[in-house]
file structure-v2.cif (mmCIF, C-alpha atoms and all ligand atoms)
data_upload
#
loop_
_atom_site.label_atom_id
_atom_site.label_comp_id
_atom_site.auth_asym_id
_atom_site.auth_seq_id
_atom_site.Cartn_x
_atom_site.Cartn_y
_atom_site.Cartn_z
CA MET A 22 151.05 55.30 156.15
CA ASP A 23 150.04 52.10 157.80
CA ASN A 24 147.17 50.79 155.73
CA TRP A 25 148.81 47.66 154.42
CA ILE A 26 146.73 44.50 154.19
CA LEU A 27 149.66 42.11 153.69
CA ARG A 28 153.18 42.60 154.93
CA PHE A 29 156.06 40.25 154.19
CA ASP A 30 158.57 41.02 156.89
CA ASP A 31 162.12 39.72 156.32
CA VAL A 32 160.98 36.40 154.85
CA SER A 33 163.51 33.68 154.08
CA ILE A 34 162.42 30.32 152.67
CA SER A 35 164.66 27.45 151.61
CA TYR A 36 164.24 24.03 150.04
CA ARG A 37 166.05 20.93 151.17
CA THR A 38 167.87 19.52 148.17
CA LYS A 39 170.50 16.81 147.68
CA ARG A 40 173.15 19.51 147.29
CA GLY A 41 172.09 21.35 150.45
CA SER A 42 169.74 24.21 151.32
CA LEU A 43 168.51 26.15 148.33
CA HIS A 44 167.75 29.73 149.34
CA ALA A 45 164.63 30.39 147.27
CA VAL A 46 163.59 33.56 149.12
CA SER A 47 166.09 35.65 151.12
CA HIS A 48 165.10 38.39 153.54
CA ALA A 49 162.22 39.57 151.40
CA SER A 50 160.15 42.45 152.76
CA LEU A 51 157.21 43.96 150.98
CA ASP A 52 153.87 45.60 151.80
CA VAL A 53 150.65 45.31 149.85
CA MET A 54 148.36 48.23 150.58
CA GLU A 55 144.61 48.05 151.03
CA GLY A 56 143.04 48.02 147.56
CA GLU A 57 146.40 47.93 145.79
CA SER A 58 147.41 45.64 142.94
CA VAL A 59 151.05 44.56 143.09
CA ALA A 60 152.82 42.77 140.26
CA LEU A 61 155.63 40.42 141.24
CA ILE A 62 158.09 40.03 138.38
CA GLY A 63 161.49 38.46 137.72
CA GLU A 64 163.02 35.59 135.78
CA SER A 65 161.87 32.04 136.30
CA GLY A 66 163.30 30.57 139.51
CA CYS A 67 163.65 33.87 141.40
CA GLY A 68 161.25 32.81 144.17
CA LYS A 69 157.95 34.43 143.14
CA THR A 70 155.82 31.30 143.50
CA THR A 71 157.55 30.32 146.74
CA LEU A 72 156.89 33.72 148.32
CA ALA A 73 153.28 33.89 147.12
CA THR A 74 152.29 30.34 148.08
CA SER A 75 153.83 30.72 151.54
CA VAL A 76 150.93 33.03 152.47
CA VAL A 77 148.27 30.39 151.93
CA GLY A 78 150.40 27.62 153.42
CA ILE A 79 150.70 25.28 150.47
CA LEU A 80 154.46 25.16 150.08
CA PRO A 81 156.00 21.86 148.94
CA LEU A 82 157.12 19.47 151.68
CA ALA A 83 160.78 20.22 151.04
CA ALA A 84 160.26 23.90 151.83
CA ARG A 85 161.12 25.50 155.13
CA ILE A 86 160.31 28.99 156.31
CA ASP A 87 163.61 29.95 157.91
CA SER A 88 162.63 33.38 159.15
CA GLY A 89 160.16 36.20 158.84
CA ARG A 90 156.44 36.77 158.99
CA ALA A 91 153.58 37.19 156.55
CA LEU A 92 151.29 39.57 158.38
CA TYR A 93 147.70 39.88 157.28
CA ARG A 94 145.44 42.63 158.58
CA LYS A 95 141.89 41.38 159.04
CA SER A 96 138.85 43.56 158.37
CA ASP A 97 138.43 44.11 162.12
CA GLY A 98 141.97 45.50 162.27
CA ASP A 99 143.53 42.49 164.00
CA VAL A 100 146.85 41.41 162.56
CA VAL A 101 147.73 37.73 162.20
CA ASP A 102 150.93 36.05 161.04
CA MET A 103 149.89 33.64 158.30
CA TYR A 104 152.97 31.52 159.04
CA ALA A 105 152.02 31.06 162.68
CA LEU A 106 148.31 30.25 162.30
CA ALA A 107 146.97 26.83 163.22
CA ARG A 108 145.50 24.88 160.32
CA ASN A 109 141.87 25.41 161.38
CA GLU A 110 142.40 29.14 161.97
CA LYS A 111 143.88 29.42 158.52
CA ARG A 112 141.02 27.49 156.93
CA LEU A 113 138.60 30.11 158.18
CA LEU A 114 140.65 32.89 156.60
CA LEU A 115 141.21 31.23 153.25
CA TRP A 116 138.67 32.03 150.53
CA LYS A 117 136.83 34.46 152.80
CA ASP A 118 139.82 36.74 153.37
CA VAL A 119 142.71 35.52 151.27
CA VAL A 120 142.45 33.39 148.18
CA MET A 121 145.07 32.13 145.76
CA MET A 122 144.29 31.43 142.13
CA PHE A 123 146.46 29.33 139.86
CA GLN A 124 146.28 28.43 136.22
CA ALA A 125 143.09 26.43 135.60
CA SER A 126 145.26 23.79 133.95
CA GLN A 127 146.54 22.97 137.41
CA SER A 128 143.08 21.40 137.78
CA SER A 129 141.30 23.24 140.53
CA PHE A 130 138.19 21.26 139.65
CA ASN A 131 137.53 17.64 140.50
CA PRO A 132 137.35 15.85 137.12
CA VAL A 133 134.60 13.42 138.15
CA ARG A 134 132.23 15.94 139.68
CA ARG A 135 130.01 18.59 138.19
CA ILE A 136 131.18 22.18 138.62
CA PHE A 137 128.38 23.01 141.04
CA THR A 138 129.68 20.41 143.50
CA THR A 139 133.03 22.20 143.63
CA PHE A 140 131.25 25.48 144.38
CA VAL A 141 129.27 23.84 147.18
CA ASP A 142 132.24 21.98 148.68
CA THR A 143 134.51 25.01 148.57
CA VAL A 144 132.03 27.36 150.18
CA LYS A 145 130.97 24.93 152.89
CA ALA A 146 134.54 24.07 153.82
CA HIS A 147 135.29 27.71 154.51
CA ASP A 148 131.96 29.13 155.59
CA PRO A 149 129.58 26.50 157.03
CA SER A 150 126.87 29.13 157.52
CA LYS A 151 126.08 29.18 153.78
CA ASN A 152 123.44 26.78 152.44
CA ASP A 153 122.97 25.28 148.98
CA GLU A 154 120.37 27.83 148.03
CA TRP A 155 122.68 30.75 148.80
CA ILE A 156 125.55 29.06 146.99
CA LEU A 157 123.44 28.38 143.92
CA SER A 158 122.11 31.90 143.59
CA ARG A 159 125.48 33.52 144.31
CA SER A 160 127.35 31.31 141.87
CA ARG A 161 124.76 32.12 139.20
CA GLU A 162 125.29 35.83 139.70
CA LEU A 163 129.05 35.51 139.57
CA LEU A 164 129.07 33.27 136.50
CA LYS A 165 126.94 35.88 134.74
CA MET A 166 129.49 38.50 135.74
CA VAL A 167 132.21 36.55 133.97
CA MET A 168 129.89 36.21 130.99
CA LEU A 169 129.14 32.53 131.24
CA ASP A 170 125.79 30.76 131.14
CA PRO A 171 125.22 29.49 134.70
CA ASP A 172 122.80 26.73 133.68
CA LYS A 173 125.32 25.28 131.31
CA ILE A 174 128.43 25.68 133.49
CA LEU A 175 127.16 24.52 136.86
CA TYR A 176 125.99 21.15 135.59
CA SER A 177 129.00 20.51 133.36
CA TYR A 178 132.05 18.40 134.12
CA PRO A 179 135.40 20.22 133.96
CA HIS A 180 136.48 18.39 130.79
CA GLU A 181 133.43 19.78 128.99
CA LEU A 182 134.76 23.33 129.38
CA SER A 183 137.50 25.05 127.37
CA GLY A 184 140.58 26.42 129.16
CA GLY A 185 139.21 29.95 129.02
CA MET A 186 135.79 28.91 130.35
CA LYS A 187 137.44 27.01 133.19
CA GLN A 188 139.54 30.03 134.07
CA ARG A 189 136.50 32.30 134.08
CA THR A 190 134.61 29.77 136.20
CA LEU A 191 137.54 29.72 138.59
CA LEU A 192 137.45 33.50 138.78
CA ALA A 193 133.74 33.33 139.71
CA LEU A 194 134.48 30.69 142.35
CA THR A 195 137.34 32.78 143.70
CA MET A 196 134.99 35.71 144.27
CA ILE A 197 132.19 33.78 145.93
CA LEU A 198 133.10 34.60 149.51
CA GLU A 199 134.29 38.09 148.55
CA PRO A 200 137.92 37.78 149.62
CA ARG A 201 139.87 40.91 150.52
CA LEU A 202 143.16 39.74 149.06
CA LEU A 203 143.69 37.81 145.86
CA ILE A 204 146.97 36.10 145.04
CA LEU A 205 147.40 35.06 141.42
CA ASP A 206 150.26 32.98 140.09
CA GLU A 207 150.51 33.42 136.32
CA PRO A 208 146.74 33.02 135.99
CA THR A 209 146.62 33.37 132.23
CA THR A 210 149.86 31.79 131.06
CA ALA A 211 148.23 28.65 129.64
CA LEU A 212 145.63 30.59 127.64
CA ASP A 213 145.70 32.03 124.15
CA LEU A 214 146.13 35.80 123.80
CA ILE A 215 142.49 36.69 123.18
CA THR A 216 141.34 34.64 126.16
CA GLN A 217 144.08 36.17 128.32
CA GLU A 218 142.90 39.61 127.33
CA LYS A 219 139.31 38.70 128.29
CA ILE A 220 140.32 37.31 131.69
CA LEU A 221 142.38 40.41 132.45
CA ARG A 222 139.51 42.69 131.59
CA LEU A 223 137.23 40.63 133.86
CA LEU A 224 139.77 40.81 136.67
CA ASN A 225 139.85 44.58 136.36
CA ASP A 226 136.03 44.72 136.38
CA MET A 227 135.94 42.47 139.44
CA ARG A 228 138.44 44.67 141.19
CA ARG A 229 136.30 47.70 140.51
CA THR A 230 133.21 45.89 141.83
CA PHE A 231 134.70 44.23 144.91
CA GLY A 232 137.71 46.43 145.68
CA PHE A 233 140.04 43.63 146.71
CA SER A 234 143.80 43.91 146.98
CA MET A 235 145.87 41.79 144.69
CA VAL A 236 149.33 40.29 144.31
CA PHE A 237 149.92 38.77 140.91
CA ILE A 238 152.86 37.00 139.40
CA THR A 239 153.55 37.30 135.73
CA HIS A 240 156.43 37.30 133.29
CA ASP A 241 154.42 39.35 130.84
CA LEU A 242 155.14 43.05 131.25
CA SER A 243 152.17 44.08 129.10
CA ILE A 244 149.92 42.48 131.74
CA VAL A 245 151.80 44.46 134.38
CA SER A 246 151.03 47.75 132.69
CA GLU A 247 147.34 46.83 132.52
CA LEU A 248 146.78 45.43 135.99
CA ALA A 249 149.37 46.75 138.43
CA ASP A 250 149.49 49.80 140.65
CA ARG A 251 152.98 48.86 141.77
CA VAL A 252 155.72 46.61 140.47
CA VAL A 253 158.03 44.56 142.68
CA THR A 254 161.09 43.07 141.01
CA MET A 255 162.67 39.95 142.47
CA TYR A 256 166.09 38.60 141.62
CA ALA A 257 167.55 35.36 143.00
CA GLY A 258 165.19 35.29 145.98
CA LYS A 259 165.54 38.96 146.87
CA VAL A 260 163.28 41.93 146.41
CA VAL A 261 165.50 44.32 144.45
CA GLU A 262 163.05 47.07 143.48
CA SER A 263 159.57 48.33 144.24
CA ALA A 264 158.03 51.18 142.27
CA PRO A 265 154.67 52.65 141.25
CA VAL A 266 153.83 51.21 137.85
CA ARG A 267 154.38 54.48 135.93
CA ASP A 268 157.77 55.08 137.53
CA PHE A 269 158.77 51.51 136.84
CA PHE A 270 158.14 51.78 133.11
CA LEU A 271 159.41 55.35 132.81
CA SER A 272 162.50 55.07 134.93
CA PRO A 273 163.49 51.75 136.50
CA ARG A 274 166.30 52.33 139.01
CA HIS A 275 167.64 48.82 139.58
CA PRO A 276 169.85 47.68 136.69
CA TYR A 277 168.04 44.34 136.68
CA SER A 278 164.60 45.99 136.26
CA ASP A 279 166.15 48.11 133.54
CA GLY A 280 167.42 44.95 131.81
CA LEU A 281 164.00 43.30 131.98
CA LEU A 282 162.43 46.34 130.35
CA ARG A 283 165.06 46.59 127.66
CA ALA A 284 164.45 42.95 126.80
CA ILE A 285 160.82 43.57 125.78
CA PRO A 286 160.37 43.31 122.03
CA ARG A 287 159.12 46.56 120.52
CA LEU A 288 157.66 47.13 117.09
CA SER A 289 160.37 49.71 116.44
CA THR A 290 163.25 47.34 117.24
CA PRO A 291 164.28 44.70 114.71
CA SER A 292 164.13 41.36 116.53
CA ASP A 293 167.83 40.60 115.89
CA GLU A 294 168.73 43.67 117.93
CA LEU A 295 166.69 42.58 120.93
CA TYR A 296 168.57 42.97 124.18
CA SER A 297 168.97 40.09 126.56
CA ILE A 298 170.55 40.26 130.00
CA PRO A 299 173.94 38.52 129.78
CA GLY A 300 174.86 35.60 132.03
CA THR A 301 172.72 33.32 134.15
CA THR A 302 171.12 33.46 137.58
CA PRO A 303 173.34 32.45 140.53
CA ASP A 304 173.37 29.08 142.21
CA LEU A 305 170.96 29.49 145.11
CA VAL A 306 172.57 26.64 147.05
CA ALA A 307 175.89 28.49 147.16
CA PRO A 308 175.09 32.14 146.38
CA PRO A 309 178.07 34.43 145.77
CA ALA A 310 178.99 37.26 148.15
CA GLY A 311 177.81 40.81 147.59
CA CYS A 312 175.03 41.82 145.23
CA LEU A 313 173.68 38.68 143.55
CA PHE A 314 173.14 40.55 140.29
CA ALA A 315 176.70 41.96 140.17
CA PRO A 316 178.16 39.20 137.92
CA ARG A 317 175.63 40.13 135.21
CA CYS A 318 175.56 43.87 135.78
CA GLY A 319 177.24 46.46 133.56
CA ARG A 320 177.29 48.99 136.40
CA ALA A 321 178.89 46.78 139.05
CA ASP A 322 182.24 47.64 140.63
CA GLU A 323 184.51 45.96 143.15
CA ARG A 324 182.27 46.88 146.10
CA CYS A 325 179.21 45.22 144.54
CA GLY A 326 181.03 41.88 144.46
CA ARG A 327 181.88 42.18 148.13
CA GLN A 328 179.03 43.94 149.93
CA GLU A 329 175.32 43.43 149.64
CA PRO A 330 173.37 46.64 149.00
CA GLU A 331 170.61 47.50 151.47
CA SER A 332 167.27 48.62 150.14
CA GLU A 333 167.03 52.42 149.82
CA SER A 334 163.67 54.18 149.74
CA CYS A 335 162.89 57.49 148.14
CA GLY A 336 159.59 59.04 147.05
CA GLY A 337 157.41 55.95 147.37
CA ARG A 338 159.90 53.67 145.69
CA ALA A 339 162.82 51.54 146.79
CA TRP A 340 165.78 49.77 145.23
CA ALA A 341 168.70 47.73 146.49
CA CYS A 342 171.68 48.90 144.44
CA PHE A 343 174.87 50.93 144.99
CA HIS A 344 174.80 52.26 141.43
CA PRO A 345 171.17 52.72 140.43
CA VAL A 346 170.23 53.79 136.94
CA GLU A 347 169.87 57.59 136.74
CA GLU A 348 166.34 58.86 137.19
CA LYS A 349 164.56 59.86 134.01
CA ASN A 350 161.86 62.53 133.95
CA ALA A 351 158.76 62.33 131.79
CA ILE A 352 159.93 65.46 129.90
CA ASP A 353 163.39 64.08 128.97
N1 LIG B 401 159.94 21.65 145.56
C1 LIG B 401 161.13 22.23 145.35
N2 LIG B 401 162.27 21.61 145.73
C2 LIG B 401 163.48 22.18 145.54
N3 LIG B 401 163.65 23.38 144.97
C3 LIG B 401 162.56 24.05 144.57
C4 LIG B 401 161.24 23.51 144.74
N4 LIG B 401 160.35 24.41 144.25
C5 LIG B 401 161.08 25.45 143.80
N5 LIG B 401 162.40 25.24 143.99
C6 LIG B 401 163.50 26.17 143.65
O1 LIG B 401 163.29 27.38 144.35
C7 LIG B 401 163.64 28.49 143.53
C8 LIG B 401 162.46 29.42 143.43
O2 LIG B 401 161.43 28.77 142.72
P1 LIG B 401 160.02 29.44 142.45
O3 LIG B 401 159.51 30.03 143.70
O4 LIG B 401 159.17 28.44 141.76
O5 LIG B 401 160.41 30.62 141.43
P2 LIG B 401 159.51 31.40 140.35
O6 LIG B 401 158.09 31.23 140.71
O7 LIG B 401 160.00 32.80 140.43
O8 LIG B 401 159.85 30.79 139.03
C9 LIG B 401 164.11 27.92 142.20
O9 LIG B 401 165.51 27.85 142.23
C10 LIG B 401 163.50 26.53 142.18
O10 LIG B 401 164.31 25.65 141.45
MG MG B 402 156.54 30.44 139.54
#
call {"tool": "encode", "arguments": {"input": "structure-v2.cif", "output": "structure tokens"}}
result
Amino acid sequence: MDNWILRFDDVSISYRTKRGSLHAVSHASLDVMEGESVALIGESGCGKTTLATSVVGILPLAARIDSGRALYRKSDGDVVDMYALARNEKRLLLWKDVVMMFQASQSSFNPVRRIFTTFVDTVKAHDPSKNDEWILSRSRELLKMVMLDPDKILYSYPHELSGGMKQRTLLALTMILEPRLLILDEPTTALDLITQEKILRLLNDMRRTFGFSMVFITHDLSIVSELADRVVTMYAGKVVESAPVRDFFLSPRHPYSDGLLRAIPRLSTPSDELYSIPGTTPDLVAPPAGCLFAPRCGRADERCGRQEPESESCGGRAWACFHPVEEKNAID
């Protein structure tokens, strides 16, 4: 099968720090298929944001892409490496092909300008063929889709909108040039639960309408079960597991994925019995030899501390572990 839309191929990204190079992403490979929704999960600091932002080219100044490619397949079938594109080539792809959405609190809107101006500026920067009239009528349609009143929103200033309204407005803006790939970095983290729920439902509706592919980062596994087709687990800068969403929840194979799942509070478990993965994440400036999860892993042996496991694939899923968790069947 070769219908991926985005392919991370052996990507390594580091940050220059006072202590030396910090290896935020190490030899990460992962495909996002056409129309697929991939959840990127893992503890804070494991490299999710670094990997995701590298695609759109907005890494911090201290970051360096040490190796690898982020291949994007355009609608005409041409493949481009997002890391190798010139700035103006990339500008023409962003928003129309690939768009990244952050938390609204990260102020995607200019505080001193009315919302409509942001719609106009964004569209014209990426597609000069669109005029004000087109932008106005399209933004009205999209704002209605996210259940907002266009007349009110377009002529408001950002501070006049609640967090949830801003996030819905941002979702409408994100869709305006009908991108083929959406990258979302914890898009609902700053919102209350009811608003989160609303945004997620809208995202699902939008996906049904527009059919875009999606990579989204979250630390909330209930969001994963609602939005993802596939789950990719990262640990200390590495992709350690990739599985269809049902397999992931039913039978995670990497001990780290298993730990993440066991750490979810359940109604049936008293909170004082809640599991948490022992130990802490490794120092990414001086990572230990072997499997990076080994020091925290109940299944690790001598070999794990010495040799790094390669990723193994089987039946549409993959994991990098010498001693994977036994496979569970739905009937067990
Ligand atoms: N600007 C930066 N300078 C130095 N280190 C950074 C910078 N941004 C992120 N890092 C480090 O890179 C690693 C990965 O960070 P990040 O990609 O933000 O992880 P995640 O999104 O999974 O929480 C972390 O160890 C983090 O401390
Ligand atoms: Mg992050």
call {"tool": "residues_near_ligand", "arguments": {"input": "structure-v2.cif", "ligand": "ligand MG 402 (chain B)", "cutoff": "12 Å", "atoms": "only C-alpha atoms and all ligand atoms", "output": "ChimeraX atom specification"}}
result
/A:45,61-74,80,123-124,205-208,210,237-240,255,258
call {"tool": "closest_residue", "arguments": {"input": "structure-v2.cif", "among": "A:Leu191, A:Leu224, A:Leu248, A:Met186", "to": "A:Leu212", "atoms": "all atoms listed in the file"}}
result
A:Met186
call {"tool": "closest_residue", "arguments": {"input": "structure-v2.cif", "among": "A:Val77, A:Ala107, A:Val261, A:Leu169", "to": "A:Arg274", "atoms": "all atoms listed in the file"}}
result
A:Val261
call {"tool": "closest_residue", "arguments": {"input": "structure-v2.cif", "among": "A:Lys165, A:Arg327, A:Arg159, A:Arg134", "to": "A:Pro309", "atoms": "all atoms listed in the file"}}
result
A:Arg327
call {"tool": "closest_residue", "arguments": {"input": "structure-v2.cif", "among": "A:His44, A:Asp142, A:Pro149, A:Ser272", "to": "ligand LIG 401 (chain B)", "atoms": "all atoms listed in the file"}}
result
A:His44
call {"tool": "closest_residue", "arguments": {"input": "structure-v2.cif", "among": "A:Ile26, A:Ala339, A:Val133, A:Ala307", "to": "ligand LIG 401 (chain B)", "atoms": "only C-alpha atoms and all ligand atoms"}}
result
A:Ala307
call {"tool": "residues_around", "arguments": {"input": "structure-v2.cif", "residues": "A:Gly78", "least_positions_apart": "2", "cutoff": "9 Å", "atoms": "only C-alpha atoms", "output": "ChimeraX atom specification"}}
result
/A:74-76,80,103-104,108,111
call {"tool": "closest_residue", "arguments": {"input": "structure-v2.cif", "among": "A:Leu175, A:Val260, A:Val53, A:Leu203", "to": "ligand LIG 401 (chain B)", "atoms": "all atoms listed in the file"}}
result
A:Val260
call {"tool": "residues_around", "arguments": {"input": "structure-v2.cif", "residues": "A:Ala83", "least_positions_apart": "4", "cutoff": "10 Å", "atoms": "all atoms listed in the file", "output": "PDB file with C-alpha atoms, in the coordinates of the input"}}
result
ATOM      1  CA  SER A  35     164.660  27.450 151.610  1.00  0.00           C
ATOM      2  CA  TYR A  36     164.240  24.030 150.040  1.00  0.00           C
ATOM      3  CA  ARG A  37     166.050  20.930 151.170  1.00  0.00           C
ATOM      4  CA  THR A  38     167.870  19.520 148.170  1.00  0.00           C
ATOM      5  CA  SER A  42     169.740  24.210 151.320  1.00  0.00           C
TER       6      SER A  42
END
call {"tool": "atom_distance", "arguments": {"input": "structure-v2.cif", "atom1": "atom CA of A:Val252", "atom2": "atom CA of A:Asp268"}}
result
9.2 Å
call {"tool": "atom_distance", "arguments": {"input": "structure-v2.cif", "atom1": "atom CA of A:Ala91", "atom2": "atom CA of A:Phe233"}}
result
17.9 Å
call {"tool": "residues_around", "arguments": {"input": "structure-v2.cif", "residues": "A:Thr190", "least_positions_apart": "3", "cutoff": "10 Å", "atoms": "only C-alpha atoms", "output": "ChimeraX atom specification"}}
result
/A:125,130,136,140,160,163-165,167-169,171,174-175,179,182,184-187,193-195
call {"tool": "residues_around", "arguments": {"input": "structure-v2.cif", "residues": "A:Ser150", "least_positions_apart": "4", "cutoff": "12 Å", "atoms": "all atoms listed in the file", "output": "ChimeraX atom specification"}}
result
/A:113,141,144-146,154-156,198
call {"tool": "closest_atom_pairs", "arguments": {"input": "structure-v2.cif", "of": "stretch 133-251 of chain A", "to": "stretch 279-285 of chain A", "cutoff": "10 Å", "atoms": "only C-alpha atoms", "output": "CSV"}}
result
residue,atom,partner,partner_atom,distance
A:His240,CA,A:Leu281,CA,9.7
A:Asp241,CA,A:Ile285,CA,9.2
A:Leu242,CA,A:Ile285,CA,7.9
A:Ser243,CA,A:Ile285,CA,9.3
call {"tool": "residues_near_point", "arguments": {"input": "structure-v2.cif", "point": "(140.3, 39.7, 151.1)", "cutoff": "9 Å", "atoms": "only C-alpha atoms", "output": "ChimeraX atom specification"}}
result
/A:26,95-96,114-120,198-203,233-235
call {"tool": "decode", "arguments": {"input": "structure-v2.cif", "residues": "stretch 69-150 of chain A", "atoms": "C-alpha atoms", "output": "mmCIF file, in the first residue's frame"}}
result
data_model
loop_
_atom_site.group_PDB
_atom_site.id
_atom_site.type_symbol
_atom_site.label_atom_id
_atom_site.label_comp_id
_atom_site.auth_asym_id
_atom_site.auth_seq_id
_atom_site.Cartn_x
_atom_site.Cartn_y
_atom_site.Cartn_z
ATOM 1 C CA LYS A 69 5.507 15.211 19.764
ATOM 2 C CA THR A 70 5.394 18.972 19.230
ATOM 3 C CA THR A 71 8.886 19.011 17.732
ATOM 4 C CA LEU A 72 8.016 16.322 15.187
ATOM 5 C CA ALA A 73 4.659 17.879 14.281
ATOM 6 C CA THR A 74 5.875 21.471 13.948
ATOM 7 C CA SER A 75 8.828 20.395 11.807
ATOM 8 C CA VAL A 76 6.390 19.722 8.942
ATOM 9 C CA VAL A 77 5.184 23.303 8.730
ATOM 10 C CA GLY A 78 8.647 24.739 9.347
ATOM 11 C CA ILE A 79 8.067 26.674 12.544
ATOM 12 C CA LEU A 80 10.591 25.004 14.816
ATOM 13 C CA PRO A 81 12.310 27.200 17.423
ATOM 14 C CA LEU A 82 15.620 28.770 16.401
ATOM 15 C CA ALA A 83 17.588 26.387 18.592
ATOM 16 C CA ALA A 84 16.259 23.379 16.692
ATOM 17 C CA ARG A 85 18.160 21.551 14.007
ATOM 18 C CA ILE A 86 16.910 18.853 11.689
ATOM 19 C CA ASP A 87 19.841 16.446 11.811
ATOM 20 C CA SER A 88 18.525 13.884 9.376
ATOM 21 C CA GLY A 89 15.486 12.554 7.610
ATOM 22 C CA ARG A 90 12.675 13.808 5.423
ATOM 23 C CA ALA A 91 9.052 14.787 5.843
ATOM 24 C CA LEU A 92 7.540 13.762 2.537
ATOM 25 C CA TYR A 93 4.199 15.184 1.517
ATOM 26 C CA ARG A 94 2.268 13.809 -1.437
ATOM 27 C CA LYS A 95 0.460 16.583 -3.285
ATOM 28 C CA SER A 96 -2.952 16.100 -4.886
ATOM 29 C CA ASP A 97 -1.304 15.795 -8.306
ATOM 30 C CA GLY A 98 0.799 12.902 -6.996
ATOM 31 C CA ASP A 99 4.075 14.821 -6.803
ATOM 32 C CA VAL A 100 6.048 14.210 -3.633
ATOM 33 C CA VAL A 101 7.898 17.049 -1.901
ATOM 34 C CA ASP A 102 10.179 17.019 1.131
ATOM 35 C CA MET A 103 8.773 19.649 3.491
ATOM 36 C CA TYR A 104 12.237 20.064 5.032
ATOM 37 C CA ALA A 105 13.835 20.908 1.692
ATOM 38 C CA LEU A 106 11.258 23.370 0.327
ATOM 39 C CA ALA A 107 12.152 27.017 -0.187
ATOM 40 C CA ARG A 108 10.170 29.440 1.949
ATOM 41 C CA ASN A 109 7.964 30.673 -0.908
ATOM 42 C CA GLU A 110 7.247 27.132 -2.126
ATOM 43 C CA LYS A 111 6.207 26.201 1.372
ATOM 44 C CA ARG A 112 3.981 29.258 1.730
ATOM 45 C CA LEU A 113 1.945 28.082 -1.236
ATOM 46 C CA LEU A 114 1.441 24.670 0.357
ATOM 47 C CA LEU A 115 0.541 25.880 3.822
ATOM 48 C CA TRP A 116 -3.162 26.383 4.532
ATOM 49 C CA LYS A 117 -4.113 25.092 1.084
ATOM 50 C CA ASP A 118 -2.515 21.673 1.526
ATOM 51 C CA VAL A 119 -1.178 21.400 5.048
ATOM 52 C CA VAL A 120 -2.323 23.405 8.014
ATOM 53 C CA MET A 121 -1.354 23.303 11.666
ATOM 54 C CA MET A 122 -3.736 24.296 14.421
ATOM 55 C CA PHE A 123 -2.674 25.132 17.944
ATOM 56 C CA GLN A 124 -4.563 26.029 21.067
ATOM 57 C CA ALA A 125 -6.439 29.289 20.482
ATOM 58 C CA SER A 126 -4.819 30.609 23.652
ATOM 59 C CA GLN A 127 -1.586 30.715 21.698
ATOM 60 C CA SER A 128 -3.245 33.732 20.055
ATOM 61 C CA SER A 129 -3.651 32.940 16.401
ATOM 62 C CA PHE A 130 -5.632 36.154 16.062
ATOM 63 C CA ASN A 131 -4.214 39.645 16.009
ATOM 64 C CA PRO A 132 -5.612 41.332 19.161
ATOM 65 C CA VAL A 133 -6.048 44.764 17.572
ATOM 66 C CA ARG A 134 -7.845 43.653 14.424
ATOM 67 C CA ARG A 135 -11.325 42.362 13.796
ATOM 68 C CA ILE A 136 -11.619 38.639 13.075
ATOM 69 C CA PHE A 137 -12.563 39.215 9.450
ATOM 70 C CA THR A 138 -9.201 40.888 8.802
ATOM 71 C CA THR A 139 -7.405 37.738 9.933
ATOM 72 C CA PHE A 140 -9.517 35.678 7.529
ATOM 73 C CA VAL A 141 -8.690 38.041 4.662
ATOM 74 C CA ASP A 142 -4.972 38.282 5.461
ATOM 75 C CA THR A 143 -4.574 34.537 5.899
ATOM 76 C CA VAL A 144 -6.334 33.625 2.676
ATOM 77 C CA LYS A 145 -4.594 36.265 0.576
ATOM 78 C CA ALA A 146 -1.153 35.334 1.879
ATOM 79 C CA HIS A 147 -1.623 31.765 0.718
ATOM 80 C CA ASP A 148 -3.944 32.086 -2.245
ATOM 81 C CA PRO A 149 -3.812 35.516 -3.931
ATOM 82 C CA SER A 150 -6.491 34.470 -6.427
#
